[in-house]
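Quick notes on the structure that follows.
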Amino acid sequence: MSTEKSADDPQQVWDVVVVGAGPAGASAAYAAAAAGRHVLILEKARLPRYKTCGGGIIGLSRDALPPGFELRLRDRVHAVTFTRNGRFPRTRRSRTTLFGLVNRSEFDRQLVEHAGQAGAEVRTGAAVARVEQHQPDEGTAQLVLQGGETVLARAVVGADGSAGRVGAHVGVTLDQVDLGLEAEIPVPAKVAAHWAGRVLIDWGPLPGSYGWVFPKGDTLTVGVISRRGEGAATKQYFEDFVVRLGLADYEPSISSGHLTRCRSDDSPLFRGRVLVCGDAAGLLEPWTREGISFALRSGRLAGERAVRIAQARDTADVHRQALDYANAVTTGLGAEMTVGRRVFDFLQRHTGLSYMAVTRIRPVWNLLAKTTRGSTPLAEALHAHPAGRALRLDR
């Protein structure tokens with residue numbers, strides 16, 4: 001662990017600085033701190049903070065959590081009700097848990113605390129204004145905070161979201177941008193009991209859109225998502241969805257909106273000593289827009305590789321380690337995204353057929369259930385399934 005200067009010295013050189021304290025950032029910080037590095041997390045907000053997110057923890061997310069992490073679920077999902085713009089309801093059930101549900105503010109705070117227990121230091125209220133790498137041969141990158149203060153690091157991991165400063169510095173490019181609207185709606189005990197253990201997924205009226213209801217005790221997380229550029233229609237879909245569910249008379253405790261962004265296939269994942277992961281890299285599943293598993297997995301990879309960058313002998317070694325990170329992401333998570341895009345395109349072209357397949361054809365439902373509760377990515381499961389041949393995944 002680096003001990004060059006005291007933690008109070010603003011010119012201390014940190015081994016790894018992680019920008020952003022979401023799942024990707026906390027995962028990266030834990031990996032680097034557990035390896036014995038001197039790690040700092042910079043987060044612009046005060047923790048805990050609300051994050052617009054359904055909070056679904058699928059098997060891939062569960063298995064990517066750091067060692068010793070205690071997952072605290074608000075509910076365990078055993079059933080899914082599907083509708084098509086509010087019609088043709090069909091409920092599928094499972095004897096075992098399909099996935100869990102968390103409150104994101106609690107989940108994120110717990111991940112940061114876990115990274116702190118491994119040795120990472122956390123600084124909130126610290127917004128990064130820009131990243132500088134003018135003299136890479138000197139062995140550091142410089143983060144300039146709002147207000148002018150500078151932080152030096154041998155390696156930087158950007159996990160500050162898809163609109164963050166670090167992604168802009170790296171040059172991340174985006175292929176798909178969607179608008180999500182969501183509300184946290186406290187409900188009476190009778191309503192909460194009606195939804196306990198069951199979620200709703202609605203095939204929406206707009207191309208590529210869907211809505212959801214995720215139960216979390218006495219609160220329902222209700223939302224819709226659609227392609228950006230259909231703001232008014234997406235808002236109308238959300239309002240109609242809430243009314244249709246019989247929830248319009250309940251006052252939301254939080255109403256929010258956000259943009260999800262998927263990376264282009266050739267989007268960079270590093271620049272010099274700076275890596276990006278999670279939303280900052282545009283890593284998420286294009287069909288479901290599930291991002292937690294991508295954040296945890298890419299964050300861990302980034303943290304592990306940042307350790308090697310911090311120890312690199314020269315700029316050639318830095319580049320070699322960063323390139324290894326990029327290759328690991330593109331051959332793993334990138335391949336999953338490619339399959340997700342094909343699935344998404346197929347669903348948009350054949351909405352009725354896809355809805356009928358999920359709700360009426362048991363092997364298709366079994367495939368989806370397997371990928372939510374297990375450790376097999378959708379891409380891998382489809383390659384071994386007849387549905388994969390229909391999507392031409394062998395190309």
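Following the order of the structure tokens, chains are lettered A, B, ..., residues in each are numbered from 1, and ligands are numbered from 1.
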List as JSON lines every residue of region 95-181 of chain A that is in contact with region 44-65 of chain A, defined as an atom at most 12 Å from one of its atoms (using only C-alpha atoms), together with the nearest atom pair and the distance in Å rounded to one decimal, sorted by chain and then rising number.
{"residue": "A:Thr97", "atom": "CA", "partner": "A:Ile58", "partner_atom": "CA", "distance": 9.7}
{"residue": "A:Leu98", "atom": "CA", "partner": "A:Ile58", "partner_atom": "CA", "distance": 7.4}
{"residue": "A:Phe99", "atom": "CA", "partner": "A:Ile58", "partner_atom": "CA", "distance": 4.8}
{"residue": "A:Gly100", "atom": "CA", "partner": "A:Ile57", "partner_atom": "CA", "distance": 5.0}
{"residue": "A:Leu101", "atom": "CA", "partner": "A:Gly56", "partner_atom": "CA", "distance": 4.7}
{"residue": "A:Val102", "atom": "CA", "partner": "A:Gly55", "partner_atom": "CA", "distance": 5.0}
{"residue": "A:Asn103", "atom": "CA", "partner": "A:Gly55", "partner_atom": "CA", "distance": 6.1}
{"residue": "A:Arg104", "atom": "CA", "partner": "A:Gly55", "partner_atom": "CA", "distance": 5.8}
{"residue": "A:Ser105", "atom": "CA", "partner": "A:Tyr50", "partner_atom": "CA", "distance": 5.3}
{"residue": "A:Glu106", "atom": "CA", "partner": "A:Pro48", "partner_atom": "CA", "distance": 7.0}
{"residue": "A:Phe107", "atom": "CA", "partner": "A:Gly55", "partner_atom": "CA", "distance": 8.8}
{"residue": "A:Asp108", "atom": "CA", "partner": "A:Pro48", "partner_atom": "CA", "distance": 7.6}
{"residue": "A:Arg109", "atom": "CA", "partner": "A:Pro48", "partner_atom": "CA", "distance": 5.8}
{"residue": "A:Gln110", "atom": "CA", "partner": "A:Pro48", "partner_atom": "CA", "distance": 9.3}
{"residue": "A:Leu111", "atom": "CA", "partner": "A:Leu65", "partner_atom": "CA", "distance": 8.6}
{"residue": "A:Val112", "atom": "CA", "partner": "A:Leu47", "partner_atom": "CA", "distance": 9.4}
{"residue": "A:Glu113", "atom": "CA", "partner": "A:Leu47", "partner_atom": "CA", "distance": 10.6}
{"residue": "A:His114", "atom": "CA", "partner": "A:Leu65", "partner_atom": "CA", "distance": 10.3}
{"residue": "A:Ala115", "atom": "CA", "partner": "A:Leu65", "partner_atom": "CA", "distance": 11.2}
{"residue": "A:Val122", "atom": "CA", "partner": "A:Leu47", "partner_atom": "CA", "distance": 10.2}
{"residue": "A:Arg123", "atom": "CA", "partner": "A:Lys44", "partner_atom": "CA", "distance": 8.4}
{"residue": "A:Thr124", "atom": "CA", "partner": "A:Arg46", "partner_atom": "CA", "distance": 5.5}
{"residue": "A:Gly125", "atom": "CA", "partner": "A:Lys44", "partner_atom": "CA", "distance": 4.4}
{"residue": "A:Ala126", "atom": "CA", "partner": "A:Lys44", "partner_atom": "CA", "distance": 4.4}
{"residue": "A:Ala127", "atom": "CA", "partner": "A:Lys44", "partner_atom": "CA", "distance": 4.3}
{"residue": "A:Val128", "atom": "CA", "partner": "A:Lys44", "partner_atom": "CA", "distance": 7.5}
{"residue": "A:Ala129", "atom": "CA", "partner": "A:Lys44", "partner_atom": "CA", "distance": 10.4}
{"residue": "A:Leu145", "atom": "CA", "partner": "A:Lys44", "partner_atom": "CA", "distance": 9.7}
{"residue": "A:Gln146", "atom": "CA", "partner": "A:Lys44", "partner_atom": "CA", "distance": 9.7}
{"residue": "A:Ala159", "atom": "CA", "partner": "A:Lys44", "partner_atom": "CA", "distance": 11.6}
{"residue": "A:Asp160", "atom": "CA", "partner": "A:Lys44", "partner_atom": "CA", "distance": 8.8}
{"residue": "A:Gly161", "atom": "CA", "partner": "A:Lys51", "partner_atom": "CA", "distance": 11.1}
{"residue": "A:Gly164", "atom": "CA", "partner": "A:Lys44", "partner_atom": "CA", "distance": 10.6}
{"residue": "A:Arg165", "atom": "CA", "partner": "A:Lys44", "partner_atom": "CA", "distance": 11.5}
{"residue": "A:Leu179", "atom": "CA", "partner": "A:Thr52", "partner_atom": "CA", "distance": 11.2}
{"residue": "A:Gly180", "atom": "CA", "partner": "A:Thr52", "partner_atom": "CA", "distance": 8.3}
{"residue": "A:Leu181", "atom": "CA", "partner": "A:Thr52", "partner_atom": "CA", "distance": 8.2}
As a PyMOL selection string, please: every residue in region 23-264 of chain A that a backbone DSSP assignment puts in strand (DSSP E).
chain A and resi 39-43+56-57+75-77+79-84+87-93+99-101+121-124+128-132+141-145+150-158+174-186+198-203+210-216+219-227+254-263
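CA of Ala24 (chain A) to CA of Ala281 (chain A) spans 10.2 Å [interatomic distance, one decimal].
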List the neighbours of Thr260 (chain A) out to 10 Å using only C-alpha atoms; skip same-chain residues closer than 3 positions along the sequence, and give me the result as a list in words.
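Here the qualifying residues turn out to be Gly161, Ser162, Ala163, Gln176, Val177, Asp178, Leu179, Gly180, Ile225, Ser226, Arg227, Arg228, Asp279, Gly282, Leu283, Leu284, Pro286, Arg289, Glu290 and Gly291 of chain A.
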Just checking: using only C-alpha atoms, which residue out of A:Leu323, A:Leu220, A:Ala155, A:Ala28 ends up closest to Val199 (chain A)?
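Selected residue with least distance to Val199 (chain A): A:Leu220.
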Could you tell me how far CA of Ala335 (chain A) lies from CA of Arg373 (chain A), in Å and to one decimal?
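It comes out at 20.1 Å.
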Check region 134-297 of chain A with DSSP on the backbone and list each residue it calls helix (DSSP H, G or I), as a VMD selection string.
chain A and resid 136 to 138 165 to 170 189 to 195 231 to 244 278 to 281 292 to 297
Write out, as a PDB file, in the first residue's frame, the residues just selected, with C-alpha atoms.
ATOM      1  CA  PRO A 136       1.788  10.139 -18.907  1.00  0.00           C
ATOM      2  CA  ASP A 137       5.493   9.344 -18.531  1.00  0.00           C
ATOM      3  CA  GLU A 138       5.351  10.842 -15.041  1.00  0.00           C
ATOM      4  CA  ARG A 165     -16.731  13.405 -17.039  1.00  0.00           C
ATOM      5  CA  VAL A 166     -14.552  10.316 -17.186  1.00  0.00           C
ATOM      6  CA  GLY A 167     -16.463   8.700 -20.050  1.00  0.00           C
ATOM      7  CA  ALA A 168     -16.185  11.962 -21.976  1.00  0.00           C
ATOM      8  CA  HIS A 169     -12.426  12.010 -21.369  1.00  0.00           C
ATOM      9  CA  VAL A 170     -12.065   8.438 -22.648  1.00  0.00           C
ATOM     10  CA  ALA A 189     -50.781  -3.572   3.303  1.00  0.00           C
ATOM     11  CA  LYS A 190     -53.544  -5.215   1.259  1.00  0.00           C
ATOM     12  CA  VAL A 191     -52.106  -3.913  -2.002  1.00  0.00           C
ATOM     13  CA  ALA A 192     -48.564  -4.857  -0.976  1.00  0.00           C
ATOM     14  CA  ALA A 193     -49.716  -8.405  -0.187  1.00  0.00           C
ATOM     15  CA  HIS A 194     -51.320  -8.664  -3.635  1.00  0.00           C
ATOM     16  CA  TRP A 195     -47.915  -8.030  -5.267  1.00  0.00           C
ATOM     17  CA  GLY A 231     -40.766  11.818 -24.432  1.00  0.00           C
ATOM     18  CA  ALA A 232     -44.429  12.842 -24.559  1.00  0.00           C
ATOM     19  CA  ALA A 233     -45.565   9.372 -25.636  1.00  0.00           C
ATOM     20  CA  THR A 234     -43.434   7.734 -22.944  1.00  0.00           C
ATOM     21  CA  LYS A 235     -44.917  10.031 -20.296  1.00  0.00           C
ATOM     22  CA  GLN A 236     -48.414   9.164 -21.510  1.00  0.00           C
ATOM     23  CA  TYR A 237     -47.588   5.464 -21.409  1.00  0.00           C
ATOM     24  CA  PHE A 238     -46.400   5.832 -17.812  1.00  0.00           C
ATOM     25  CA  GLU A 239     -49.521   7.734 -16.740  1.00  0.00           C
ATOM     26  CA  ASP A 240     -51.833   5.230 -18.440  1.00  0.00           C
ATOM     27  CA  PHE A 241     -49.871   2.344 -16.917  1.00  0.00           C
ATOM     28  CA  VAL A 242     -50.285   3.682 -13.366  1.00  0.00           C
ATOM     29  CA  VAL A 243     -54.011   4.249 -13.868  1.00  0.00           C
ATOM     30  CA  ARG A 244     -54.480   0.791 -15.343  1.00  0.00           C
ATOM     31  CA  GLY A 278     -20.521   0.174 -15.824  1.00  0.00           C
ATOM     32  CA  ASP A 279     -22.783   2.948 -17.089  1.00  0.00           C
ATOM     33  CA  ALA A 280     -19.760   5.177 -17.696  1.00  0.00           C
ATOM     34  CA  ALA A 281     -18.691   2.698 -20.375  1.00  0.00           C
ATOM     35  CA  ILE A 292     -26.390  -3.987 -12.249  1.00  0.00           C
ATOM     36  CA  SER A 293     -24.749  -7.246 -13.344  1.00  0.00           C
ATOM     37  CA  PHE A 294     -22.768  -5.400 -16.019  1.00  0.00           C
ATOM     38  CA  ALA A 295     -21.701  -2.801 -13.457  1.00  0.00           C
ATOM     39  CA  LEU A 296     -20.545  -5.328 -10.874  1.00  0.00           C
ATOM     40  CA  ARG A 297     -18.681  -7.501 -13.364  1.00  0.00           C
TER      41      ARG A 297
END
Just want the 10 Å neighbourhood of Arg308 (chain A), counted on only C-alpha atoms, with same-chain residues fewer than 5 positions away dropped. Output as an MDAnalysis selection string.
chainID A and resid 15 32 154:155 302:303 313 317:318 320:322
Selected residues, N, CA, C and O atoms, written as an mmCIF file, in the first residue's frame, please.
data_model
loop_
_atom_site.group_PDB
_atom_site.id
_atom_site.type_symbol
_atom_site.label_atom_id
_atom_site.label_comp_id
_atom_site.auth_asym_id
_atom_site.auth_seq_id
_atom_site.Cartn_x
_atom_site.Cartn_y
_atom_site.Cartn_z
ATOM 1 N N ASP A 15 -2.898 5.090 -5.397
ATOM 2 C CA ASP A 15 -2.699 4.008 -6.364
ATOM 3 C C ASP A 15 -3.852 3.984 -7.359
ATOM 4 O O ASP A 15 -3.650 3.964 -8.574
ATOM 5 N N ALA A 32 -9.602 -3.382 -5.939
ATOM 6 C CA ALA A 32 -8.286 -2.757 -5.819
ATOM 7 C C ALA A 32 -7.826 -2.698 -4.368
ATOM 8 O O ALA A 32 -6.653 -2.955 -4.060
ATOM 9 N N ARG A 154 -2.231 6.878 -9.863
ATOM 10 C CA ARG A 154 -1.511 6.065 -10.829
ATOM 11 C C ARG A 154 -2.470 5.369 -11.796
ATOM 12 O O ARG A 154 -2.099 5.019 -12.917
ATOM 13 N N ALA A 155 -3.710 5.150 -11.345
ATOM 14 C CA ALA A 155 -4.744 4.569 -12.203
ATOM 15 C C ALA A 155 -6.082 5.161 -11.794
ATOM 16 O O ALA A 155 -6.332 5.406 -10.608
ATOM 17 N N ALA A 302 -12.247 -3.874 -13.885
ATOM 18 C CA ALA A 302 -11.531 -2.599 -13.921
ATOM 19 C C ALA A 302 -10.663 -2.423 -12.681
ATOM 20 O O ALA A 302 -9.517 -1.962 -12.766
ATOM 21 N N GLY A 303 -11.212 -2.792 -11.522
ATOM 22 C CA GLY A 303 -10.433 -2.660 -10.291
ATOM 23 C C GLY A 303 -9.203 -3.547 -10.301
ATOM 24 O O GLY A 303 -8.101 -3.128 -9.896
ATOM 25 N N ARG A 313 5.453 -0.662 -15.094
ATOM 26 C CA ARG A 313 6.832 -0.153 -15.130
ATOM 27 C C ARG A 313 6.980 1.057 -16.043
ATOM 28 O O ARG A 313 7.816 1.916 -15.811
ATOM 29 N N ASP A 317 3.714 -0.747 -20.634
ATOM 30 C CA ASP A 317 3.065 -1.696 -19.726
ATOM 31 C C ASP A 317 1.670 -1.207 -19.350
ATOM 32 O O ASP A 317 0.723 -1.994 -19.253
ATOM 33 N N VAL A 318 1.526 0.100 -19.138
ATOM 34 C CA VAL A 318 0.197 0.676 -18.860
ATOM 35 C C VAL A 318 -0.760 0.343 -19.998
ATOM 36 O O VAL A 318 -1.887 -0.109 -19.774
ATOM 37 N N ARG A 320 -0.554 -2.018 -22.204
ATOM 38 C CA ARG A 320 -0.778 -3.461 -22.278
ATOM 39 C C ARG A 320 -1.852 -3.896 -21.269
ATOM 40 O O ARG A 320 -2.753 -4.665 -21.592
ATOM 41 N N GLN A 321 -1.759 -3.375 -20.049
ATOM 42 C CA GLN A 321 -2.737 -3.745 -19.018
ATOM 43 C C GLN A 321 -4.126 -3.192 -19.354
ATOM 44 O O GLN A 321 -5.142 -3.879 -19.167
ATOM 45 N N ALA A 322 -4.187 -1.971 -19.853
ATOM 46 C CA ALA A 322 -5.477 -1.376 -20.217
ATOM 47 C C ALA A 322 -6.103 -2.129 -21.391
ATOM 48 O O ALA A 322 -7.320 -2.345 -21.433
#
Neighbour list for Arg273 (chain A) as number ranges by chain, cut-off 10 Å, only C-alpha atoms, skip fewer than 5 positions in-chain:
A: 16, 133, 136, 139-141, 153-157, 306, 309-310, 312, 315, 318-319, 321-322
Residue subset to file, keeping C-alpha atoms, as an mmCIF file, in the first residue's frame:
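New file again24.cif:
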data_model
loop_
_atom_site.group_PDB
_atom_site.id
_atom_site.type_symbol
_atom_site.label_atom_id
_atom_site.label_comp_id
_atom_site.auth_asym_id
_atom_site.auth_seq_id
_atom_site.Cartn_x
_atom_site.Cartn_y
_atom_site.Cartn_z
ATOM 1 C CA VAL A 16 -6.275 3.907 -7.681
ATOM 2 C CA GLN A 133 -3.095 13.172 -18.662
ATOM 3 C CA PRO A 136 1.788 10.139 -18.907
ATOM 4 C CA GLY A 139 3.178 7.935 -13.996
ATOM 5 C CA THR A 140 0.000 9.690 -12.868
ATOM 6 C CA ALA A 141 -3.319 11.024 -14.070
ATOM 7 C CA ALA A 153 -3.606 8.722 -9.179
ATOM 8 C CA ARG A 154 -1.511 6.065 -10.829
ATOM 9 C CA ALA A 155 -4.744 4.569 -12.203
ATOM 10 C CA VAL A 156 -8.280 5.946 -12.540
ATOM 11 C CA VAL A 157 -11.505 3.994 -12.856
ATOM 12 C CA ALA A 306 -6.218 -0.797 -12.313
ATOM 13 C CA ILE A 309 -1.718 -0.243 -14.161
ATOM 14 C CA ALA A 310 -0.730 1.345 -10.837
ATOM 15 C CA ALA A 312 3.167 -0.748 -14.354
ATOM 16 C CA THR A 315 3.757 3.563 -20.520
ATOM 17 C CA VAL A 318 0.197 0.676 -18.860
ATOM 18 C CA HIS A 319 -1.162 0.313 -22.378
ATOM 19 C CA GLN A 321 -2.737 -3.745 -19.018
ATOM 20 C CA ALA A 322 -5.477 -1.376 -20.217
#
With only C-alpha atoms as the atoms that count, which of A:Met356, A:Gln11, A:Phe344, A:Ile41 lies nearest to Glu149 (chain A)?
A:Gln11
Just to confirm, what's the straight-line distance from CA of Gly25 (chain A) to CA of Val151 (chain A) in Å (one decimal)?
16.9 Å
